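protein06.pdb (PDB, C-alpha atoms)
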```
ATOM      1  CA  MET Q   1     -21.367   1.259   4.947
ATOM      2  CA  LEU Q   2     -18.737   1.866   2.287
ATOM      3  CA  ARG Q   3     -17.755   4.648   0.011
ATOM      4  CA  GLN Q   4     -16.938   3.357  -3.432
ATOM      5  CA  ASP Q   5     -15.066   5.391  -5.999
ATOM      6  CA  SER Q   6     -15.023   3.715  -9.355
ATOM      7  CA  THR Q   7     -14.975   4.683 -12.959
ATOM      8  CA  ASP Q   8     -18.217   3.833 -14.774
ATOM      9  CA  THR Q   9     -18.761   0.511 -13.057
ATOM     10  CA  GLU Q  10     -20.677  -0.854 -10.109
ATOM     11  CA  ALA Q  11     -19.187  -3.613  -8.008
ATOM     12  CA  PRO Q  12     -20.363  -5.319  -4.852
ATOM     13  CA  LEU Q  13     -19.249  -3.637  -1.663
ATOM     14  CA  PHE Q  14     -17.217  -5.461   0.923
ATOM     15  CA  GLY Q  15     -17.302  -5.612   4.690
ATOM     16  CA  GLU Q  16     -20.933  -6.562   5.196
ATOM     17  CA  ASP Q  17     -20.003  -9.845   6.862
ATOM     18  CA  ASP Q  18     -17.282  -8.468   9.130
ATOM     19  CA  ASP Q  19     -17.406  -8.886  12.890
ATOM     20  CA  THR Q  20     -19.144  -5.873  14.437
ATOM     21  CA  SER Q  21     -17.671  -6.132  17.907
ATOM     22  CA  ARG Q  22     -16.043  -2.948  19.173
ATOM     23  CA  LEU Q  23     -12.626  -3.104  20.753
ATOM     24  CA  SER Q  24     -10.432  -0.378  22.059
ATOM     25  CA  LYS Q  25      -8.854   1.761  19.353
ATOM     26  CA  SER Q  26      -5.367   0.976  20.663
ATOM     27  CA  LYS Q  27      -5.717  -2.831  20.571
ATOM     28  CA  ILE Q  28      -4.840  -4.963  17.588
ATOM     29  CA  LYS Q  29      -8.020  -6.748  16.495
ATOM     30  CA  HIS Q  30      -6.312  -8.743  13.702
ATOM     31  CA  PRO Q  31      -2.889  -9.874  14.982
ATOM     32  CA  LEU Q  32      -2.378 -12.536  12.294
ATOM     33  CA  VAL Q  33      -3.167 -10.094   9.491
ATOM     34  CA  SER Q  34      -0.867  -7.481  11.063
ATOM     35  CA  PHE Q  35       1.921 -10.055  11.335
ATOM     36  CA  PHE Q  36       1.701 -11.191   7.699
ATOM     37  CA  HIS Q  37       1.365  -7.591   6.497
ATOM     38  CA  LEU Q  38       4.928  -7.050   7.730
ATOM     39  CA  PHE Q  39       6.330 -10.596   7.507
ATOM     40  CA  PHE Q  40       6.470 -11.087   3.721
ATOM     41  CA  ARG Q  41       7.848  -7.643   2.933
ATOM     42  CA  ALA Q  42      10.434  -7.721   5.729
ATOM     43  CA  SER Q  43      11.447 -11.290   4.818
ATOM     44  CA  ALA Q  44      12.067 -10.314   1.179
ATOM     45  CA  ILE Q  45      14.317  -7.469   2.339
ATOM     46  CA  VAL Q  46      16.206  -9.718   4.791
ATOM     47  CA  VAL Q  47      16.741 -12.436   2.170
ATOM     48  CA  TYR Q  48      18.059  -9.836  -0.288
ATOM     49  CA  LEU Q  49      20.416  -8.294   2.287
ATOM     50  CA  PHE Q  50      21.854 -11.638   3.442
ATOM     51  CA  SER Q  51      21.897 -13.437   0.096
ATOM     52  CA  ASP Q  52      25.671 -13.059  -0.212
ATOM     53  CA  ILE Q  53      26.297 -14.205   3.368
ATOM     54  CA  VAL Q  54      24.063 -17.284   3.133
ATOM     55  CA  GLY Q  55      25.805 -18.311  -0.071
ATOM     56  CA  GLY Q  56      22.911 -20.324  -1.440
ATOM     57  CA  GLY Q  57      23.489 -18.954  -4.920
ATOM     58  CA  PHE Q  58      21.743 -16.359  -7.011
ATOM     59  CA  ILE Q  59      18.873 -18.496  -8.384
ATOM     60  CA  PRO Q  60      17.521 -19.860  -5.049
ATOM     61  CA  CYS Q  61      17.723 -16.397  -3.461
ATOM     62  CA  MET Q  62      16.052 -14.761  -6.466
ATOM     63  CA  VAL Q  63      13.205 -17.306  -6.474
ATOM     64  CA  THR Q  64      12.715 -16.916  -2.713
ATOM     65  CA  ILE Q  65      12.606 -13.113  -2.958
ATOM     66  CA  ILE Q  66      10.157 -13.196  -5.869
ATOM     67  CA  LEU Q  67       7.889 -15.642  -4.007
ATOM     68  CA  LEU Q  68       7.976 -13.463  -0.884
ATOM     69  CA  LEU Q  69       7.253 -10.323  -2.922
ATOM     70  CA  SER Q  70       4.337 -12.032  -4.676
ATOM     71  CA  CYS Q  71       2.886 -13.226  -1.366
ATOM     72  CA  ASP Q  72       3.335  -9.732   0.031
ATOM     73  CA  PHE Q  73       1.587  -8.092  -2.935
ATOM     74  CA  TRP Q  74      -1.385 -10.454  -2.707
ATOM     75  CA  THR Q  75      -1.634 -10.226   1.100
ATOM     76  CA  VAL Q  76      -1.473  -6.435   1.230
ATOM     77  CA  LYS Q  77      -3.810  -5.924  -1.722
ATOM     78  CA  ASN Q  78      -6.459  -8.490  -0.781
ATOM     79  CA  VAL Q  79      -6.274  -9.026   2.979
ATOM     80  CA  SER Q  80      -4.434  -6.508   5.144
ATOM     81  CA  GLY Q  81      -5.811  -3.404   3.425
ATOM     82  CA  ARG Q  82      -9.332  -4.622   3.976
ATOM     83  CA  PHE Q  83      -8.965  -5.703   7.607
ATOM     84  CA  LEU Q  84      -6.479  -3.149   8.956
ATOM     85  CA  VAL Q  85      -7.686   0.101   7.349
ATOM     86  CA  GLY Q  86     -10.900  -0.751   5.501
ATOM     87  CA  LEU Q  87      -9.526  -0.028   2.021
ATOM     88  CA  ARG Q  88      -9.468  -2.102  -1.136
ATOM     89  CA  TRP Q  89      -8.613  -1.583  -4.802
ATOM     90  CA  TRP Q  90      -8.670  -3.709  -7.920
ATOM     91  CA  ASN Q  91      -8.982  -3.667 -11.676
ATOM     92  CA  GLN Q  92     -11.777  -5.295 -13.611
ATOM     93  CA  VAL Q  93     -12.373  -5.659 -17.328
ATOM     94  CA  ASP Q  94     -15.930  -5.274 -18.585
ATOM     95  CA  GLY Q  95     -17.570  -7.158 -21.466
ATOM     96  CA  ASP Q  96     -16.254  -4.641 -24.005
ATOM     97  CA  GLY Q  97     -12.669  -5.221 -22.921
ATOM     98  CA  LYS Q  98     -12.457  -1.847 -21.179
ATOM     99  CA  SER Q  99     -10.360  -1.750 -18.019
ATOM    100  CA  HIS Q 100     -11.809  -0.092 -14.883
ATOM    101  CA  TRP Q 101      -9.868   0.730 -11.719
ATOM    102  CA  ILE Q 102     -12.002   0.563  -8.594
ATOM    103  CA  PHE Q 103     -11.045   2.102  -5.246
ATOM    104  CA  GLU Q 104     -13.159   1.455  -2.140
ATOM    105  CA  SER Q 105     -13.052   2.553   1.461
ATOM    106  CA  ARG Q 106     -15.271   2.047   4.493
ATOM    107  CA  LYS Q 107     -17.096   5.033   5.875
ATOM    108  CA  ARG Q 108     -15.377   6.549   8.879
ATOM    109  CA  ASN Q 109     -18.371   5.998  11.149
ATOM    110  CA  SER Q 110     -18.569   2.278  10.346
ATOM    111  CA  GLN Q 111     -18.438  -0.121  13.300
ATOM    112  CA  ASN Q 112     -15.909  -2.266  11.432
ATOM    113  CA  THR Q 113     -13.096   0.251  11.294
ATOM    114  CA  GLY Q 114      -9.723  -0.994  12.510
ATOM    115  CA  SER Q 115      -7.809   0.264  15.498
ATOM    116  CA  THR Q 116      -5.307   3.096  15.500
ATOM    117  CA  ALA Q 117      -2.458   0.638  16.140
ATOM    118  CA  GLU Q 118      -3.449  -1.457  13.115
ATOM    119  CA  SER Q 119      -3.681   1.626  10.943
ATOM    120  CA  ARG Q 120      -0.196   2.688  12.025
ATOM    121  CA  ILE Q 121       1.196  -0.791  11.318
ATOM    122  CA  PHE Q 122      -0.416  -0.798   7.882
ATOM    123  CA  TRP Q 123       0.763   2.640   6.739
ATOM    124  CA  VAL Q 124       4.285   2.407   8.185
ATOM    125  CA  GLY Q 125       4.819  -1.016   6.589
ATOM    126  CA  LEU Q 126       3.313   0.173   3.321
ATOM    127  CA  ILE Q 127       5.481   3.307   3.053
ATOM    128  CA  VAL Q 128       8.816   2.294   4.638
ATOM    129  CA  CYS Q 129       9.523  -0.970   2.806
ATOM    130  CA  PRO Q 130       9.399   0.507  -0.744
ATOM    131  CA  ILE Q 131      12.005   3.036   0.376
ATOM    132  CA  PHE Q 132      14.371   0.112   1.002
ATOM    133  CA  TRP Q 133      13.772  -1.122  -2.571
ATOM    134  CA  ILE Q 134      14.590   2.340  -3.950
ATOM    135  CA  ILE Q 135      17.879   2.220  -2.038
ATOM    136  CA  PHE Q 136      18.503  -1.305  -3.360
ATOM    137  CA  VAL Q 137      17.964  -0.152  -6.971
ATOM    138  CA  PHE Q 138      20.644   2.512  -6.616
ATOM    139  CA  SER Q 139      22.999   0.236  -4.689
ATOM    140  CA  THR Q 140      22.801  -2.492  -7.366
ATOM    141  CA  ILE Q 141      23.522   0.053 -10.093
ATOM    142  CA  PHE Q 142      26.451   1.679  -8.280
ATOM    143  CA  SER Q 143      27.944  -1.621  -7.098
ATOM    144  CA  PHE Q 144      27.545  -3.143 -10.594
ATOM    145  CA  LYS Q 145      25.448  -6.079  -9.335
ATOM    146  CA  ILE Q 146      23.386  -5.929 -12.502
ATOM    147  CA  LYS Q 147      22.076  -9.492 -12.109
ATOM    148  CA  TRP Q 148      20.086  -8.289  -9.053
ATOM    149  CA  LEU Q 149      18.610  -5.298 -10.878
ATOM    150  CA  ALA Q 150      15.556  -7.184 -12.190
ATOM    151  CA  VAL Q 151      14.794  -8.498  -8.691
ATOM    152  CA  VAL Q 152      15.013  -5.123  -6.968
ATOM    153  CA  ILE Q 153      12.982  -3.421  -9.709
ATOM    154  CA  MET Q 154      10.313  -6.098  -9.271
ATOM    155  CA  GLY Q 155      10.311  -5.429  -5.514
ATOM    156  CA  LEU Q 156       9.983  -1.715  -6.128
ATOM    157  CA  VAL Q 157       7.171  -2.067  -8.672
ATOM    158  CA  LEU Q 158       5.101  -4.538  -6.637
ATOM    159  CA  GLN Q 159       5.344  -2.545  -3.437
ATOM    160  CA  TRP Q 160       4.770   0.862  -5.048
ATOM    161  CA  ALA Q 161       1.694  -0.502  -6.845
ATOM    162  CA  ASN Q 162       0.112  -1.138  -3.455
ATOM    163  CA  VAL Q 163       1.225   2.269  -2.163
ATOM    164  CA  TYR Q 164      -0.378   3.983  -5.155
ATOM    165  CA  GLY Q 165      -3.578   1.932  -4.933
ATOM    166  CA  TYR Q 166      -4.070   2.573  -1.229
ATOM    167  CA  ILE Q 167      -3.299   6.275  -1.462
ATOM    168  CA  ARG Q 168      -5.932   6.508  -4.195
ATOM    169  CA  CYS Q 169      -8.373   4.645  -1.917
ATOM    170  CA  LYS Q 170      -7.588   6.969   0.989
ATOM    171  CA  VAL Q 171      -7.986  10.231  -0.915
ATOM    172  CA  GLY Q 172     -10.763   9.048  -3.230
ATOM    173  CA  GLY Q 173     -10.449   7.132  -6.480
ATOM    174  CA  LYS Q 174     -11.591   9.956  -8.726
ATOM    175  CA  SER Q 175      -9.129  12.470  -7.312
ATOM    176  CA  ASP Q 176      -5.924  13.108  -9.169
ATOM    177  CA  LEU Q 177      -2.952  13.016  -6.809
ATOM    178  CA  ARG Q 178      -1.286  15.939  -8.605
ATOM    179  CA  ASP Q 179      -4.385  18.083  -8.073
ATOM    180  CA  LEU Q 180      -4.402  17.177  -4.381
ATOM    181  CA  ALA Q 181      -0.764  18.212  -4.022
ATOM    182  CA  LYS Q 182      -1.406  21.510  -5.855
ATOM    183  CA  ASN Q 183      -4.437  22.259  -3.685
ATOM    184  CA  TYR Q 184      -2.481  21.522  -0.515
ATOM    185  CA  LEU Q 185       0.447  23.720  -1.582
ATOM    186  CA  GLY Q 186      -1.934  26.487  -2.630
ATOM    187  CA  THR Q 187      -3.680  26.376   0.735
ATOM    188  CA  GLN Q 188      -0.371  26.461   2.611
ATOM    189  CA  LEU Q 189       0.886  29.421   0.558
ATOM    190  CA  PHE Q 190      -2.375  31.278   1.150
ATOM    191  CA  LYS Q 191      -2.124  30.683   4.905
ATOM    192  CA  GLN Q 192       1.479  31.923   4.928
ATOM    193  CA  ALA Q 193       0.511  35.025   2.949
ATOM    194  CA  MET Q 194      -2.335  35.787   5.357
ATOM    195  CA  LYS Q 195       0.012  35.437   8.346
ATOM    196  CA  THR Q 196       2.547  37.860   6.906
ATOM    197  CA  GLU Q 197      -0.132  40.479   6.135
ATOM    198  CA  GLU Q 198      -1.448  40.526   9.690
ATOM    199  CA  PRO Q 199      -0.237  43.649  11.634
TER     200      PRO Q 199
END
```
Translate this structure into structure tokens?
Amino acid sequence: MLRQDSTDTEAPLFGEDDDTSRLSKSKIKHPLVSFFHLFFRASAIVVYLFSDIVGGGFIPCMVTIILLLSCDFWTVKNVSGRFLVGLRWWNQVDGDGKSHWIFESRKRNSQNTGSTAESRIFWVGLIVCPIFWIIFVFSTIFSFKIKWLAVVIMGLVLQWANVYGYIRCKVGGKSDLRDLAKNYLGTQLFKQAMKTEEP
């Protein structure tokens, strides 16, 4: 039921024990998972934005943000990716000490695929929130709030790690993202050239 892209290693597939009931593609089958997919990442952003207004001090706000970011990373990597879009990635070390990155995705015709609404929630939350952390990195540098720089870099790294992992799952673990971009651009240029040559 799953497509597994891994490098030189076999791992057990997931999703065999999932509920096989079919619901409408527009309904949210996993409301709790959808909620926590957005809750931790949005809460970390809100705490960062209002840390000066609350006035609790740098250390309590920093600890709260780091805890929220850690919960978000774990939830997105281990729970929401699996239930909302049928994707999962991880790293495992074999007996020789060699590291292997494994990227899995359910087959499209699987009965356990999530709804369109859940997929939208997953991808919008996954892509939009790291953009906020990019903005926060630049704002801390330009406003000279250097003490916050480590926190915002941690937010950026943790959230972009999930973005990278899930994009690799979506396009296939063995594919190089640069090659995909080149192929897409090449195809678009070829289509444009063919349009201009038509009489």
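The space between CA of Thr140 in chain Q and CA of Val128 in chain Q spans 19.0 Å.
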Practice task
Return as an NGL selection string the set of residues that the PyMOL selection byres ((chain Q and resi 31) around 12) yields on the displayed structure.
Solution key: :Q and (27-30 or 32-39 or 80 or 83-84 or 114-115 or 117-118 or 121-122)
Take the residues from that selection and write them out as a compact mmCIF listing (two decimals), in the frame of the given file, keeping C-alpha atoms.
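This is the output file out29.txt:
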```txt
# COMPACT_ATOMS: atom_id res chain seq x y z
CA LYS Q 27 -5.72 -2.83 20.57
CA ILE Q 28 -4.84 -4.96 17.59
CA LYS Q 29 -8.02 -6.75 16.50
CA HIS Q 30 -6.31 -8.74 13.70
CA LEU Q 32 -2.38 -12.54 12.29
CA VAL Q 33 -3.17 -10.09 9.49
CA SER Q 34 -0.87 -7.48 11.06
CA PHE Q 35 1.92 -10.06 11.34
CA PHE Q 36 1.70 -11.19 7.70
CA HIS Q 37 1.36 -7.59 6.50
CA LEU Q 38 4.93 -7.05 7.73
CA PHE Q 39 6.33 -10.60 7.51
CA SER Q 80 -4.43 -6.51 5.14
CA PHE Q 83 -8.96 -5.70 7.61
CA LEU Q 84 -6.48 -3.15 8.96
CA GLY Q 114 -9.72 -0.99 12.51
CA SER Q 115 -7.81 0.26 15.50
CA ALA Q 117 -2.46 0.64 16.14
CA GLU Q 118 -3.45 -1.46 13.12
CA ILE Q 121 1.20 -0.79 11.32
CA PHE Q 122 -0.42 -0.80 7.88
```
Expressed in Å, the length from CA of Leu126 in chain Q to CA of Gln92 in chain Q is 23.3 Å
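What separates CA of Thr116 in chain Q from CA of Phe103 in chain Q is a distance of 21.5 Å.
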(Q) Suppose a student applies the PyMOL selection byres ((chain Q and resi 65-75) around 9) to this structure; what residues should they get, written as JSON, numbers by chain? (A) {"Q": [33, 36, 37, 38, 39, 40, 41, 43, 44, 45, 47, 48, 60, 61, 62, 63, 64, 76, 77, 78, 79, 80, 81, 151, 154, 155, 158, 159, 161, 162]}
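Within 9 Å of Gly165 in chain Q, once only C-alpha atoms are used and residues closer than 5 positions along the same chain are dropped, the contacting residues are Lys77, Arg88, Trp89, Trp90, Phe103, Trp160, Lys170 and Gly173 of chain Q.
If you measure from each of Q:Leu87, Q:Leu49, Q:Cys169, Q:Leu156 to Cys129 in chain Q using only C-alpha atoms, the closest one turns out to be Q:Leu156.
In terms of minimum interatomic distance to Ser119 in chain Q, Q:Arg82 ranks closest within Q:Ser143, Q:Ile135, Q:Arg82, Q:Gly172, counting only C-alpha atoms.
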Using only C-alpha atoms, what residues lie at most 7 Å away from (0.0, 3.6, 2.0) (file coordinates), given as a short mmCIF file (atom, residue, chain, number, x, y, z; two decimals) with C-alpha atoms, in the frame of the given file?
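The file below, point.cif, is the result:
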```cif
data_model
loop_
_atom_site.label_atom_id
_atom_site.label_comp_id
_atom_site.auth_asym_id
_atom_site.auth_seq_id
_atom_site.Cartn_x
_atom_site.Cartn_y
_atom_site.Cartn_z
CA TRP Q 123 0.76 2.64 6.74
CA LEU Q 126 3.31 0.17 3.32
CA ILE Q 127 5.48 3.31 3.05
CA VAL Q 163 1.23 2.27 -2.16
CA TYR Q 166 -4.07 2.57 -1.23
CA ILE Q 167 -3.30 6.28 -1.46
#
```
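Of the residues listed (Q:Ile134, Q:Arg106, Q:Lys147, Q:Val93), Q:Lys147 shows the shortest atom-to-atom separation from Phe58 in chain Q; distances use all atoms listed in the file.
With distances taken over all atoms listed in the file, Q:Arg168 is the one residue among Q:Trp148, Q:Phe136, Q:Arg168, Q:Ile131 lying closest to Ile102 in chain Q.
Distances to Pro130 in chain Q were evaluated for Q:Ile53, Q:Phe142, Q:Val157, Q:Ala150 using all atoms listed in the file, and the minimum falls at Q:Val157.
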Can I get range 153-164 of chain Q with all heavy atoms filled in, as a PDB file, in the frame of the given file?
```pdb
ATOM      1  N   ILE Q 153      14.007  -4.186  -8.984  1.00  0.00           N
ATOM      2  CA  ILE Q 153      12.982  -3.421  -9.709  1.00  0.00           C
ATOM      3  C   ILE Q 153      11.613  -4.079  -9.509  1.00  0.00           C
ATOM      4  O   ILE Q 153      10.602  -3.382  -9.329  1.00  0.00           O
ATOM      5  CB  ILE Q 153      13.349  -3.272 -11.194  1.00  0.00           C
ATOM      6  CG1 ILE Q 153      14.505  -2.285 -11.332  1.00  0.00           C
ATOM      7  CG2 ILE Q 153      12.154  -2.810 -12.020  1.00  0.00           C
ATOM      8  CD1 ILE Q 153      15.047  -2.135 -12.729  1.00  0.00           C
ATOM      9  N   MET Q 154      11.581  -5.409  -9.529  1.00  0.00           N
ATOM     10  CA  MET Q 154      10.313  -6.098  -9.271  1.00  0.00           C
ATOM     11  C   MET Q 154       9.811  -5.785  -7.860  1.00  0.00           C
ATOM     12  O   MET Q 154       8.614  -5.543  -7.653  1.00  0.00           O
ATOM     13  CB  MET Q 154      10.466  -7.600  -9.443  1.00  0.00           C
ATOM     14  CG  MET Q 154       9.203  -8.359  -9.133  1.00  0.00           C
ATOM     15  SD  MET Q 154       9.392 -10.102  -9.383  1.00  0.00           S
ATOM     16  CE  MET Q 154       8.539 -10.254 -10.916  1.00  0.00           C
ATOM     17  N   GLY Q 155      10.702  -5.788  -6.877  1.00  0.00           N
ATOM     18  CA  GLY Q 155      10.311  -5.429  -5.514  1.00  0.00           C
ATOM     19  C   GLY Q 155       9.769  -4.021  -5.437  1.00  0.00           C
ATOM     20  O   GLY Q 155       8.745  -3.757  -4.806  1.00  0.00           O
ATOM     21  N   LEU Q 156      10.425  -3.105  -6.119  1.00  0.00           N
ATOM     22  CA  LEU Q 156       9.983  -1.715  -6.128  1.00  0.00           C
ATOM     23  C   LEU Q 156       8.615  -1.568  -6.788  1.00  0.00           C
ATOM     24  O   LEU Q 156       7.714  -0.919  -6.246  1.00  0.00           O
ATOM     25  CB  LEU Q 156      11.020  -0.852  -6.856  1.00  0.00           C
ATOM     26  CG  LEU Q 156      10.743   0.636  -6.921  1.00  0.00           C
ATOM     27  CD1 LEU Q 156      10.759   1.232  -5.528  1.00  0.00           C
ATOM     28  CD2 LEU Q 156      11.766   1.310  -7.807  1.00  0.00           C
ATOM     29  N   VAL Q 157       8.429  -2.191  -7.932  1.00  0.00           N
ATOM     30  CA  VAL Q 157       7.171  -2.067  -8.672  1.00  0.00           C
ATOM     31  C   VAL Q 157       6.007  -2.682  -7.895  1.00  0.00           C
ATOM     32  O   VAL Q 157       4.941  -2.065  -7.767  1.00  0.00           O
ATOM     33  CB  VAL Q 157       7.302  -2.707 -10.072  1.00  0.00           C
ATOM     34  CG1 VAL Q 157       5.955  -2.850 -10.741  1.00  0.00           C
ATOM     35  CG2 VAL Q 157       8.232  -1.882 -10.940  1.00  0.00           C
ATOM     36  N   LEU Q 158       6.183  -3.881  -7.363  1.00  0.00           N
ATOM     37  CA  LEU Q 158       5.101  -4.538  -6.637  1.00  0.00           C
ATOM     38  C   LEU Q 158       4.706  -3.760  -5.382  1.00  0.00           C
ATOM     39  O   LEU Q 158       3.525  -3.608  -5.077  1.00  0.00           O
ATOM     40  CB  LEU Q 158       5.480  -5.971  -6.271  1.00  0.00           C
ATOM     41  CG  LEU Q 158       5.506  -6.978  -7.418  1.00  0.00           C
ATOM     42  CD1 LEU Q 158       6.037  -8.318  -6.933  1.00  0.00           C
ATOM     43  CD2 LEU Q 158       4.120  -7.145  -8.021  1.00  0.00           C
ATOM     44  N   GLN Q 159       5.683  -3.254  -4.661  1.00  0.00           N
ATOM     45  CA  GLN Q 159       5.344  -2.545  -3.437  1.00  0.00           C
ATOM     46  C   GLN Q 159       4.804  -1.148  -3.708  1.00  0.00           C
ATOM     47  O   GLN Q 159       3.896  -0.685  -3.025  1.00  0.00           O
ATOM     48  CB  GLN Q 159       6.539  -2.526  -2.495  1.00  0.00           C
ATOM     49  CG  GLN Q 159       6.836  -3.937  -2.019  1.00  0.00           C
ATOM     50  CD  GLN Q 159       7.621  -4.006  -0.750  1.00  0.00           C
ATOM     51  OE1 GLN Q 159       8.146  -3.029  -0.260  1.00  0.00           O
ATOM     52  NE2 GLN Q 159       7.718  -5.198  -0.199  1.00  0.00           N
ATOM     53  N   TRP Q 160       5.310  -0.468  -4.733  1.00  0.00           N
ATOM     54  CA  TRP Q 160       4.770   0.862  -5.048  1.00  0.00           C
ATOM     55  C   TRP Q 160       3.389   0.774  -5.680  1.00  0.00           C
ATOM     56  O   TRP Q 160       2.602   1.718  -5.595  1.00  0.00           O
ATOM     57  CB  TRP Q 160       5.723   1.651  -5.934  1.00  0.00           C
ATOM     58  CG  TRP Q 160       6.766   2.330  -5.102  1.00  0.00           C
ATOM     59  CD1 TRP Q 160       8.061   1.941  -4.944  1.00  0.00           C
ATOM     60  CD2 TRP Q 160       6.598   3.481  -4.272  1.00  0.00           C
ATOM     61  NE1 TRP Q 160       8.699   2.787  -4.069  1.00  0.00           N
ATOM     62  CE2 TRP Q 160       7.825   3.736  -3.646  1.00  0.00           C
ATOM     63  CE3 TRP Q 160       5.513   4.314  -3.993  1.00  0.00           C
ATOM     64  CZ2 TRP Q 160       8.008   4.794  -2.766  1.00  0.00           C
ATOM     65  CZ3 TRP Q 160       5.712   5.372  -3.116  1.00  0.00           C
ATOM     66  CH2 TRP Q 160       6.936   5.600  -2.511  1.00  0.00           C
ATOM     67  N   ALA Q 161       3.055  -0.339  -6.317  1.00  0.00           N
ATOM     68  CA  ALA Q 161       1.694  -0.502  -6.845  1.00  0.00           C
ATOM     69  C   ALA Q 161       0.684  -0.482  -5.707  1.00  0.00           C
ATOM     70  O   ALA Q 161      -0.370   0.164  -5.806  1.00  0.00           O
ATOM     71  CB  ALA Q 161       1.587  -1.804  -7.641  1.00  0.00           C
ATOM     72  N   ASN Q 162       0.997  -1.165  -4.618  1.00  0.00           N
ATOM     73  CA  ASN Q 162       0.112  -1.138  -3.455  1.00  0.00           C
ATOM     74  C   ASN Q 162       0.072   0.239  -2.804  1.00  0.00           C
ATOM     75  O   ASN Q 162      -0.988   0.698  -2.382  1.00  0.00           O
ATOM     76  CB  ASN Q 162       0.525  -2.195  -2.427  1.00  0.00           C
ATOM     77  CG  ASN Q 162      -0.150  -3.518  -2.667  1.00  0.00           C
ATOM     78  OD1 ASN Q 162      -1.276  -3.586  -3.132  1.00  0.00           O
ATOM     79  ND2 ASN Q 162       0.547  -4.595  -2.353  1.00  0.00           N
ATOM     80  N   VAL Q 163       1.211   0.911  -2.730  1.00  0.00           N
ATOM     81  CA  VAL Q 163       1.225   2.269  -2.163  1.00  0.00           C
ATOM     82  C   VAL Q 163       0.303   3.172  -2.971  1.00  0.00           C
ATOM     83  O   VAL Q 163      -0.545   3.880  -2.415  1.00  0.00           O
ATOM     84  CB  VAL Q 163       2.666   2.842  -2.132  1.00  0.00           C
ATOM     85  CG1 VAL Q 163       2.649   4.324  -1.780  1.00  0.00           C
ATOM     86  CG2 VAL Q 163       3.523   2.076  -1.155  1.00  0.00           C
ATOM     87  N   TYR Q 164       0.442   3.137  -4.290  1.00  0.00           N
ATOM     88  CA  TYR Q 164      -0.378   3.983  -5.155  1.00  0.00           C
ATOM     89  C   TYR Q 164      -1.862   3.642  -5.017  1.00  0.00           C
ATOM     90  O   TYR Q 164      -2.708   4.532  -4.866  1.00  0.00           O
ATOM     91  CB  TYR Q 164       0.064   3.824  -6.610  1.00  0.00           C
ATOM     92  CG  TYR Q 164      -0.766   4.631  -7.565  1.00  0.00           C
ATOM     93  CD1 TYR Q 164      -0.589   6.006  -7.667  1.00  0.00           C
ATOM     94  CD2 TYR Q 164      -1.739   4.028  -8.359  1.00  0.00           C
ATOM     95  CE1 TYR Q 164      -1.359   6.763  -8.544  1.00  0.00           C
ATOM     96  CE2 TYR Q 164      -2.508   4.774  -9.223  1.00  0.00           C
ATOM     97  CZ  TYR Q 164      -2.312   6.136  -9.316  1.00  0.00           C
ATOM     98  OH  TYR Q 164      -3.081   6.873 -10.172  1.00  0.00           O
TER      99      TYR Q 164
END
```
